[in-house]
$ cat work04.cif   # mmCIF, C-alpha atoms and all ligand atoms
data_run
loop_
_atom_site.group_PDB
_atom_site.id
_atom_site.type_symbol
_atom_site.label_atom_id
_atom_site.label_comp_id
_atom_site.auth_asym_id
_atom_site.auth_seq_id
_atom_site.Cartn_x
_atom_site.Cartn_y
_atom_site.Cartn_z
ATOM 1 C CA MET A 1 -99.117 -4.224 2.688
ATOM 2 C CA PRO A 2 -98.409 -7.967 2.985
ATOM 3 C CA ASP A 3 -96.753 -9.262 6.131
ATOM 4 C CA ALA A 4 -93.073 -9.786 5.387
ATOM 5 C CA THR A 5 -92.284 -11.637 8.590
ATOM 6 C CA SER A 6 -93.342 -15.100 7.425
ATOM 7 C CA THR A 7 -91.107 -15.238 4.321
ATOM 8 C CA PHE A 8 -88.215 -12.994 5.224
ATOM 9 C CA ARG A 9 -85.723 -13.028 8.065
ATOM 10 C CA TYR A 10 -85.785 -9.271 8.431
ATOM 11 C CA LYS A 11 -88.712 -6.864 8.256
ATOM 12 C CA ARG A 12 -86.803 -3.592 7.907
ATOM 13 C CA VAL A 13 -83.375 -3.453 6.317
ATOM 14 C CA LEU A 14 -80.868 -0.946 5.131
ATOM 15 C CA LEU A 15 -79.222 -1.895 1.850
ATOM 16 C CA LYS A 16 -75.845 -0.311 1.187
ATOM 17 C CA VAL A 17 -74.711 -0.407 -2.426
ATOM 18 C CA SER A 18 -71.330 1.020 -3.303
ATOM 19 C CA GLY A 19 -70.868 3.340 -6.236
ATOM 20 C CA GLU A 20 -68.555 0.733 -7.749
ATOM 21 C CA VAL A 21 -71.468 -1.693 -8.114
ATOM 22 C CA LEU A 22 -73.500 0.922 -10.010
ATOM 23 C CA MET A 23 -70.698 1.319 -12.566
ATOM 24 C CA GLY A 24 -71.501 -2.143 -13.920
ATOM 25 C CA ASP A 25 -68.748 -2.987 -16.393
ATOM 26 C CA GLN A 26 -67.863 0.641 -16.972
ATOM 27 C CA SER A 27 -64.808 2.223 -15.389
ATOM 28 C CA PHE A 28 -66.613 5.387 -14.282
ATOM 29 C CA GLY A 29 -70.077 6.799 -13.725
ATOM 30 C CA VAL A 30 -73.522 5.257 -13.638
ATOM 31 C CA ASP A 31 -74.568 2.269 -15.725
ATOM 32 C CA MET A 32 -78.355 2.604 -15.836
ATOM 33 C CA LYS A 33 -78.795 -1.075 -16.715
ATOM 34 C CA THR A 34 -77.139 -2.009 -13.426
ATOM 35 C CA VAL A 35 -79.124 0.621 -11.519
ATOM 36 C CA ASP A 36 -82.312 -0.800 -13.084
ATOM 37 C CA ALA A 37 -81.344 -4.313 -11.999
ATOM 38 C CA VAL A 38 -80.782 -3.214 -8.387
ATOM 39 C CA ALA A 39 -84.078 -1.286 -8.469
ATOM 40 C CA LYS A 40 -85.903 -4.381 -9.715
ATOM 41 C CA ALA A 41 -84.454 -6.485 -6.893
ATOM 42 C CA VAL A 42 -85.534 -3.862 -4.350
ATOM 43 C CA ALA A 43 -89.021 -3.565 -5.887
ATOM 44 C CA ASP A 44 -89.446 -7.331 -5.756
ATOM 45 C CA VAL A 45 -89.031 -7.578 -1.974
ATOM 46 C CA ALA A 46 -90.594 -4.193 -1.179
ATOM 47 C CA ALA A 47 -93.795 -5.435 -2.867
ATOM 48 C CA GLU A 48 -93.958 -8.179 -0.242
ATOM 49 C CA GLY A 49 -93.713 -5.791 2.673
ATOM 50 C CA VAL A 50 -89.987 -5.604 3.420
ATOM 51 C CA GLU A 51 -89.249 -2.035 4.480
ATOM 52 C CA ILE A 52 -86.181 -0.813 2.648
ATOM 53 C CA CYS A 53 -83.742 1.982 3.290
ATOM 54 C CA LEU A 54 -81.043 2.525 0.703
ATOM 55 C CA VAL A 55 -77.632 4.115 0.985
ATOM 56 C CA ILE A 56 -75.689 4.478 -2.231
ATOM 57 C CA GLY A 57 -71.980 5.255 -2.283
ATOM 58 C CA GLY A 58 -70.315 7.724 -4.613
ATOM 59 C CA GLY A 59 -66.995 6.116 -5.484
ATOM 60 C CA ASN A 60 -68.030 5.630 -9.126
ATOM 61 C CA ILE A 61 -67.994 9.410 -9.527
ATOM 62 C CA PHE A 62 -65.764 10.944 -6.874
ATOM 63 C CA ARG A 63 -63.940 9.890 -3.740
ATOM 64 C CA GLY A 64 -62.283 12.277 -1.299
ATOM 65 C CA LEU A 65 -59.183 10.091 -1.055
ATOM 66 C CA SER A 66 -58.541 9.585 -4.751
ATOM 67 C CA LYS A 67 -55.966 10.652 -7.307
ATOM 68 C CA ALA A 68 -58.543 12.982 -8.832
ATOM 69 C CA ALA A 69 -58.614 14.858 -5.529
ATOM 70 C CA ALA A 70 -54.834 15.103 -5.137
ATOM 71 C CA GLY A 71 -53.769 18.511 -3.912
ATOM 72 C CA MET A 72 -57.254 19.413 -2.796
ATOM 73 C CA GLU A 73 -58.091 20.025 0.837
ATOM 74 C CA ARG A 74 -59.522 16.762 2.218
ATOM 75 C CA SER A 75 -62.760 18.288 3.503
ATOM 76 C CA GLN A 76 -63.445 19.979 0.193
ATOM 77 C CA ALA A 77 -62.831 16.736 -1.698
ATOM 78 C CA ASP A 78 -65.069 14.832 0.692
ATOM 79 C CA TYR A 79 -67.905 17.301 0.107
ATOM 80 C CA MET A 80 -67.531 16.614 -3.614
ATOM 81 C CA GLY A 81 -67.785 12.908 -2.810
ATOM 82 C CA MET A 82 -70.988 13.544 -0.884
ATOM 83 C CA LEU A 83 -72.425 15.381 -3.895
ATOM 84 C CA ALA A 84 -71.603 12.286 -5.965
ATOM 85 C CA THR A 85 -73.741 10.165 -3.658
ATOM 86 C CA ILE A 86 -76.657 12.548 -4.267
ATOM 87 C CA MET A 87 -76.343 12.011 -8.024
ATOM 88 C CA ASN A 88 -76.408 8.253 -7.535
ATOM 89 C CA ALA A 89 -79.404 8.553 -5.218
ATOM 90 C CA LEU A 90 -81.326 10.463 -7.889
ATOM 91 C CA ALA A 91 -80.441 7.828 -10.499
ATOM 92 C CA MET A 92 -81.694 5.103 -8.157
ATOM 93 C CA GLN A 93 -84.871 7.059 -7.403
ATOM 94 C CA SER A 94 -85.602 7.345 -11.134
ATOM 95 C CA ALA A 95 -85.048 3.637 -11.663
ATOM 96 C CA LEU A 96 -87.378 2.756 -8.769
ATOM 97 C CA GLU A 97 -90.142 5.175 -9.705
ATOM 98 C CA LYS A 98 -90.052 4.005 -13.329
ATOM 99 C CA ILE A 99 -91.176 0.592 -12.103
ATOM 100 C CA GLY A 100 -93.793 1.964 -9.756
ATOM 101 C CA VAL A 101 -91.975 2.001 -6.406
ATOM 102 C CA SER A 102 -92.768 5.021 -4.297
ATOM 103 C CA THR A 103 -89.521 6.562 -3.006
ATOM 104 C CA ARG A 104 -88.142 9.566 -1.185
ATOM 105 C CA VAL A 105 -84.586 10.822 -1.217
ATOM 106 C CA GLN A 106 -83.400 12.405 2.016
ATOM 107 C CA SER A 107 -80.090 14.200 1.958
ATOM 108 C CA ALA A 108 -77.800 14.813 4.915
ATOM 109 C CA ILE A 109 -76.795 18.030 3.124
ATOM 110 C CA PRO A 110 -79.972 20.077 2.640
ATOM 111 C CA MET A 111 -80.724 20.518 -1.042
ATOM 112 C CA ALA A 112 -84.342 21.572 -1.015
ATOM 113 C CA ALA A 113 -84.925 21.670 -4.763
ATOM 114 C CA ILE A 114 -84.149 18.009 -5.338
ATOM 115 C CA ALA A 115 -84.457 16.081 -2.075
ATOM 116 C CA GLU A 116 -85.982 16.220 1.366
ATOM 117 C CA PRO A 117 -83.615 17.119 4.187
ATOM 118 C CA TYR A 118 -82.848 14.198 6.497
ATOM 119 C CA ILE A 119 -85.537 14.133 9.185
ATOM 120 C CA ARG A 120 -85.570 10.927 11.198
ATOM 121 C CA ARG A 121 -89.248 10.868 12.088
ATOM 122 C CA ARG A 122 -90.274 11.704 8.568
ATOM 123 C CA ALA A 123 -88.102 8.915 7.192
ATOM 124 C CA LEU A 124 -89.723 6.472 9.627
ATOM 125 C CA ARG A 125 -93.151 7.556 8.441
ATOM 126 C CA HIS A 126 -92.155 6.972 4.803
ATOM 127 C CA LEU A 127 -91.033 3.445 5.676
ATOM 128 C CA GLU A 128 -94.287 2.734 7.488
ATOM 129 C CA LYS A 129 -96.153 3.836 4.377
ATOM 130 C CA GLY A 130 -94.172 1.375 2.277
ATOM 131 C CA ARG A 131 -91.942 3.930 0.572
ATOM 132 C CA VAL A 132 -88.306 3.169 -0.110
ATOM 133 C CA VAL A 133 -86.154 5.847 1.500
ATOM 134 C CA ILE A 134 -82.821 6.644 -0.116
ATOM 135 C CA PHE A 135 -80.390 8.358 2.216
ATOM 136 C CA ALA A 136 -77.931 10.555 0.319
ATOM 137 C CA ALA A 137 -74.769 12.445 1.290
ATOM 138 C CA GLY A 138 -73.616 9.916 3.877
ATOM 139 C CA VAL A 139 -73.486 11.390 7.362
ATOM 140 C CA GLY A 140 -73.156 14.862 5.864
ATOM 141 C CA ALA A 141 -69.631 15.386 7.197
ATOM 142 C CA PRO A 142 -66.167 14.958 5.706
ATOM 143 C CA PHE A 143 -63.726 12.287 6.933
ATOM 144 C CA PHE A 144 -66.542 9.736 6.832
ATOM 145 C CA THR A 145 -67.773 7.407 4.137
ATOM 146 C CA THR A 146 -71.137 6.100 3.085
ATOM 147 C CA ASP A 147 -70.444 2.923 5.091
ATOM 148 C CA SER A 148 -70.642 5.058 8.210
ATOM 149 C CA GLY A 149 -73.714 6.775 6.796
ATOM 150 C CA ALA A 150 -75.307 3.369 6.234
ATOM 151 C CA ALA A 151 -74.520 2.240 9.792
ATOM 152 C CA LEU A 152 -75.836 5.471 11.284
ATOM 153 C CA ARG A 153 -79.111 5.404 9.346
ATOM 154 C CA ALA A 154 -79.585 1.670 10.008
ATOM 155 C CA ALA A 155 -79.324 2.407 13.726
ATOM 156 C CA GLU A 156 -81.580 5.459 13.573
ATOM 157 C CA MET A 157 -84.240 3.648 11.544
ATOM 158 C CA GLY A 158 -84.173 0.639 13.877
ATOM 159 C CA CYS A 159 -83.277 -1.711 11.022
ATOM 160 C CA ASP A 160 -83.134 -5.459 11.666
ATOM 161 C CA ALA A 161 -80.049 -5.806 9.458
ATOM 162 C CA LEU A 162 -77.571 -3.851 7.393
ATOM 163 C CA LEU A 163 -77.156 -5.563 4.021
ATOM 164 C CA LYS A 164 -73.961 -4.810 2.194
ATOM 165 C CA GLY A 165 -74.452 -5.546 -1.500
ATOM 166 C CA THR A 166 -71.069 -6.024 -3.126
ATOM 167 C CA SER A 167 -69.640 -7.886 -6.107
ATOM 168 C CA VAL A 168 -68.534 -10.850 -3.957
ATOM 169 C CA ASP A 169 -70.950 -13.247 -2.213
ATOM 170 C CA GLY A 170 -69.588 -12.744 1.288
ATOM 171 C CA VAL A 171 -66.402 -12.241 3.257
ATOM 172 C CA TYR A 172 -63.468 -14.482 2.308
ATOM 173 C CA THR A 173 -60.215 -15.447 3.989
ATOM 174 C CA ALA A 174 -58.427 -13.743 1.077
ATOM 175 C CA ASP A 175 -59.475 -12.024 -2.157
ATOM 176 C CA PRO A 176 -61.234 -14.855 -4.059
ATOM 177 C CA LYS A 177 -60.501 -13.122 -7.382
ATOM 178 C CA LYS A 178 -56.762 -13.425 -6.719
ATOM 179 C CA ASP A 179 -56.430 -16.445 -4.441
ATOM 180 C CA PRO A 180 -58.216 -19.679 -5.500
ATOM 181 C CA THR A 181 -57.742 -21.203 -2.024
ATOM 182 C CA ALA A 182 -59.767 -18.432 -0.367
ATOM 183 C CA THR A 183 -62.819 -19.670 1.529
ATOM 184 C CA ARG A 184 -65.969 -17.830 2.526
ATOM 185 C CA TYR A 185 -66.871 -17.263 6.160
ATOM 186 C CA GLU A 186 -70.451 -18.264 7.039
ATOM 187 C CA THR A 187 -70.413 -16.103 10.137
ATOM 188 C CA LEU A 188 -68.034 -13.702 11.828
ATOM 189 C CA THR A 189 -68.193 -11.554 14.932
ATOM 190 C CA TYR A 190 -67.723 -7.804 14.719
ATOM 191 C CA GLN A 191 -64.508 -8.244 16.667
ATOM 192 C CA ASP A 192 -63.218 -10.835 14.145
ATOM 193 C CA VAL A 193 -63.715 -8.337 11.350
ATOM 194 C CA LEU A 194 -61.913 -5.583 13.233
ATOM 195 C CA ALA A 195 -59.083 -7.754 14.578
ATOM 196 C CA LYS A 196 -58.442 -9.524 11.264
ATOM 197 C CA ASP A 197 -58.760 -6.208 9.421
ATOM 198 C CA LEU A 198 -61.092 -7.861 6.908
ATOM 199 C CA ARG A 199 -62.115 -4.546 5.314
ATOM 200 C CA VAL A 200 -65.755 -5.422 4.912
ATOM 201 C CA MET A 201 -66.776 -1.899 5.826
ATOM 202 C CA ASP A 202 -65.081 0.965 7.619
ATOM 203 C CA ALA A 203 -64.065 0.256 11.190
ATOM 204 C CA SER A 204 -66.366 3.027 12.417
ATOM 205 C CA ALA A 205 -69.349 1.390 10.681
ATOM 206 C CA ILE A 206 -68.489 -2.041 12.134
ATOM 207 C CA ALA A 207 -68.080 -0.540 15.598
ATOM 208 C CA MET A 208 -71.468 1.156 15.376
ATOM 209 C CA MET A 209 -73.149 -2.100 14.356
ATOM 210 C CA ARG A 210 -71.385 -3.901 17.212
ATOM 211 C CA ASP A 211 -72.615 -1.297 19.703
ATOM 212 C CA THR A 212 -76.195 -1.464 18.424
ATOM 213 C CA GLY A 213 -76.205 -5.244 17.800
ATOM 214 C CA ILE A 214 -77.459 -4.903 14.216
ATOM 215 C CA PRO A 215 -76.218 -7.801 12.048
ATOM 216 C CA ILE A 216 -74.316 -7.036 8.842
ATOM 217 C CA VAL A 217 -75.043 -9.366 5.936
ATOM 218 C CA VAL A 218 -72.517 -9.298 3.081
ATOM 219 C CA PHE A 219 -73.769 -10.700 -0.241
ATOM 220 C CA SER A 220 -73.343 -10.260 -3.983
ATOM 221 C CA ILE A 221 -75.934 -7.928 -5.445
ATOM 222 C CA ARG A 222 -74.768 -8.729 -8.966
ATOM 223 C CA GLU A 223 -76.548 -12.069 -9.085
ATOM 224 C CA GLU A 224 -80.203 -12.229 -10.000
ATOM 225 C CA ASN A 225 -82.556 -12.772 -7.075
ATOM 226 C CA SER A 226 -79.683 -12.495 -4.595
ATOM 227 C CA LEU A 227 -81.392 -9.832 -2.502
ATOM 228 C CA ARG A 228 -84.509 -11.996 -2.120
ATOM 229 C CA ARG A 229 -82.442 -15.114 -1.421
ATOM 230 C CA THR A 230 -80.373 -13.272 1.167
ATOM 231 C CA LEU A 231 -83.506 -12.050 2.909
ATOM 232 C CA THR A 232 -85.070 -15.509 2.940
ATOM 233 C CA GLY A 233 -81.807 -17.062 4.133
ATOM 234 C CA GLU A 234 -81.362 -19.354 1.115
ATOM 235 C CA GLY A 235 -78.549 -17.551 -0.668
ATOM 236 C CA THR A 236 -74.817 -17.449 -0.035
ATOM 237 C CA PHE A 237 -73.628 -14.668 2.220
ATOM 238 C CA THR A 238 -71.657 -13.932 5.375
ATOM 239 C CA VAL A 239 -73.421 -12.778 8.525
ATOM 240 C CA ILE A 240 -71.483 -10.617 10.959
ATOM 241 C CA GLN A 241 -72.948 -10.555 14.456
ATOM 242 C CA ASP A 242 -72.135 -11.468 18.032
ATOM 243 C CA VAL A 243 -73.321 -14.884 19.080
ATOM 244 C CA ALA A 244 -75.060 -14.920 22.450
HETATM 245 N N1 LIG B 301 -68.181 11.129 1.933
HETATM 246 C C1 LIG B 301 -67.940 11.894 3.073
HETATM 247 N N2 LIG B 301 -68.772 11.742 4.160
HETATM 248 C C2 LIG B 301 -69.809 10.869 4.168
HETATM 249 C C3 LIG B 301 -70.037 10.076 3.018
HETATM 250 C C4 LIG B 301 -69.218 10.223 1.916
HETATM 251 O O1 LIG B 301 -67.014 12.677 3.113
HETATM 252 O O2 LIG B 301 -70.530 10.792 5.186
HETATM 253 C C5 LIG B 301 -67.345 11.328 0.720
HETATM 254 C C6 LIG B 301 -65.963 10.703 0.791
HETATM 255 O O3 LIG B 301 -65.076 11.530 0.090
HETATM 256 C C7 LIG B 301 -66.164 9.403 0.016
HETATM 257 C C8 LIG B 301 -67.121 9.830 -1.069
HETATM 258 O O4 LIG B 301 -67.989 10.739 -0.410
HETATM 259 O O5 LIG B 301 -64.948 8.934 -0.527
HETATM 260 C C9 LIG B 301 -67.913 8.710 -1.696
HETATM 261 O O6 LIG B 301 -68.436 7.822 -0.725
HETATM 262 P P1 LIG B 301 -67.858 6.325 -0.528
HETATM 263 O O7 LIG B 301 -66.372 6.330 -0.742
HETATM 264 O O8 LIG B 301 -68.367 5.823 0.754
HETATM 265 O O9 LIG B 301 -68.573 5.568 -1.737
HETATM 266 P P2 LIG B 301 -68.508 4.016 -2.131
HETATM 267 O O10 LIG B 301 -67.127 3.519 -1.867
HETATM 268 O O11 LIG B 301 -69.501 3.301 -1.292
HETATM 269 O O12 LIG B 301 -68.901 4.017 -3.576
#
$ encode --input "work04.cif" --output "structure tokens" --more "lines below"
Ligand code: UDP
Amino acid sequence: MPDATSTFRYKRVLLKVSGEVLMGDQSFGVDMKTVDAVAKAVADVAAEGVEICLVIGGGNIFRGLSKAAAGMERSQADYMGMLATIMNALAMQSALEKIGVSTRVQSAIPMAAIAEPYIRRRALRHLEKGRVVIFAAGVGAPFFTTDSGAALRAAEMGCDALLKGTSVDGVYTADPKKDPTATRYETLTYQDVLAKDLRVMDASAIAMMRDTGIPIVVFSIREENSLRRTLTGEGTFTVIQDVA
């Protein structure tokens, strides 16, 4: 495997992609063209030795706190949301394997017929062997989201950064789609994000990254080559970390 350290800022990363991104221009479900595009971006950098963990959300299919779940017990609805993340993980695995990337899906909810159970040491071994590991079912518990799952796995895998691939190229002072005067932050501290309630990720995910010192890089995954450009430091993004 080539040495990724000379070209890329980070050697091992966790990429969190929300379910919303995988919808593409649809209003629900999985748009395989978009999944293929994300897979291609991952394959591109994985081929050069970047070790990649993936966490895919489930909001394109089901969310515990949604109208579709109204009247349902919260825990039950959240378990349905976790099952949605497993579907997305399988779609992403297909897209990656179709283009020759070796992958494993590990689920926080054991589902032996379709995925490995989450085993930390085994996941580390997969990464060392150059496989992309897709972590499904978040943290495996209700009242959490896949942001928290992403933070937890990034910490457990000893990732150098948590990349949050969204549809906006960073964190802005206001919603840039609604407010033309909004400006993008180059850098923020974890505390800034929490105090300003910037809603980049869940507060529990931000707090975990603050406690472990893992930087969060927010970028747009919709643009071609943006994952590579974020990893090489050339693209546009916002980095959240504490400055020494
Ligand atoms: N979920 C959960 N625990 C977890 C991860 C996910 O209960 O550890 C449920 C929760 O209902 C959530 C849904 O799964 O709304 C889908 O995940 P998320 O909302 O994080 O997806 P995204 O917004 O990233 O698409």
$ residues_near_ligand --input "work04.cif" --ligand "ligand LIG 301 (chain B)" --cutoff "10 Å" --atoms "all atoms listed in the file" --output "PyMOL selection string"
chain A and resi 16-23+55-66+69+74-86+88+108-109+136-150+152+164+166+201-202
$ resolve_selection --input "work04.cif" --expression "the PyMOL selection byres (((chain A and resi 105) around 9) and not hetatm)" --output "PDB file with C-alpha atoms, in the frame of the given file"
ATOM      1  CA  ILE A  86     -76.657  12.548  -4.267  1.00  0.00           C
ATOM      2  CA  ALA A  89     -79.404   8.553  -5.218  1.00  0.00           C
ATOM      3  CA  LEU A  90     -81.326  10.463  -7.889  1.00  0.00           C
ATOM      4  CA  GLN A  93     -84.871   7.059  -7.403  1.00  0.00           C
ATOM      5  CA  THR A 103     -89.521   6.562  -3.006  1.00  0.00           C
ATOM      6  CA  ARG A 104     -88.142   9.566  -1.185  1.00  0.00           C
ATOM      7  CA  GLN A 106     -83.400  12.405   2.016  1.00  0.00           C
ATOM      8  CA  SER A 107     -80.090  14.200   1.958  1.00  0.00           C
ATOM      9  CA  ILE A 114     -84.149  18.009  -5.338  1.00  0.00           C
ATOM     10  CA  ALA A 115     -84.457  16.081  -2.075  1.00  0.00           C
ATOM     11  CA  GLU A 116     -85.982  16.220   1.366  1.00  0.00           C
ATOM     12  CA  PRO A 117     -83.615  17.119   4.187  1.00  0.00           C
ATOM     13  CA  TYR A 118     -82.848  14.198   6.497  1.00  0.00           C
ATOM     14  CA  VAL A 132     -88.306   3.169  -0.110  1.00  0.00           C
ATOM     15  CA  VAL A 133     -86.154   5.847   1.500  1.00  0.00           C
ATOM     16  CA  ILE A 134     -82.821   6.644  -0.116  1.00  0.00           C
ATOM     17  CA  PHE A 135     -80.390   8.358   2.216  1.00  0.00           C
ATOM     18  CA  ALA A 136     -77.931  10.555   0.319  1.00  0.00           C
TER      19      ALA A 136
END
$ residues_around --input "work04.cif" --residues "A:Glu128" --least-positions-apart "5" --cutoff "10 Å" --atoms "all atoms listed in the file" --output "PyMOL selection string"
chain A and resi 1+12+49+51+122-123
$ resolve_selection --input "work04.cif" --expression "the PyMOL selection byres (((chain A and resi 3) around 12) and not hetatm)" --output "ChimeraX atom specification"
/A:1-2,4-12,45-51,130
$ resolve_selection --input "work04.cif" --expression "the PyMOL selection byres (((chain A and resi 191) around 12) and not hetatm)" --output "PyMOL selection string"
chain A and resi 187-190+192-198+203+206-211+240-243
$ closest_residue --input "work04.cif" --among "A:Cys159, A:Leu54, A:Leu14, A:Ala95" --to "A:Lys33" --atoms "all atoms listed in the file"
A:Ala95
$ atom_distance --input "work04.cif" --atom1 "atom CA of A:Asp31" --atom2 "atom CA of A:Gly100"
20.1 Å
$ atom_distance --input "work04.cif" --atom1 "atom CA of A:Phe237" --atom2 "atom CA of A:Arg184"
8.3 Å
$ closest_residue --input "work04.cif" --among "A:Ile99, A:Val239, A:Ala70, A:Leu163" --to "A:Asp44" --atoms "all atoms listed in the file"
A:Ile99
$ atom_distance --input "work04.cif" --atom1 "atom CA of A:Arg229" --atom2 "atom CA of A:Arg125"
26.9 Å
$ residues_near_point --input "work04.cif" --point "(-76.2, -2.9, 12.7)" --cutoff "7 Å" --atoms "all atoms listed in the file" --output "number ranges by chain"
A: 151, 154-155, 161-162, 208-210, 212-216
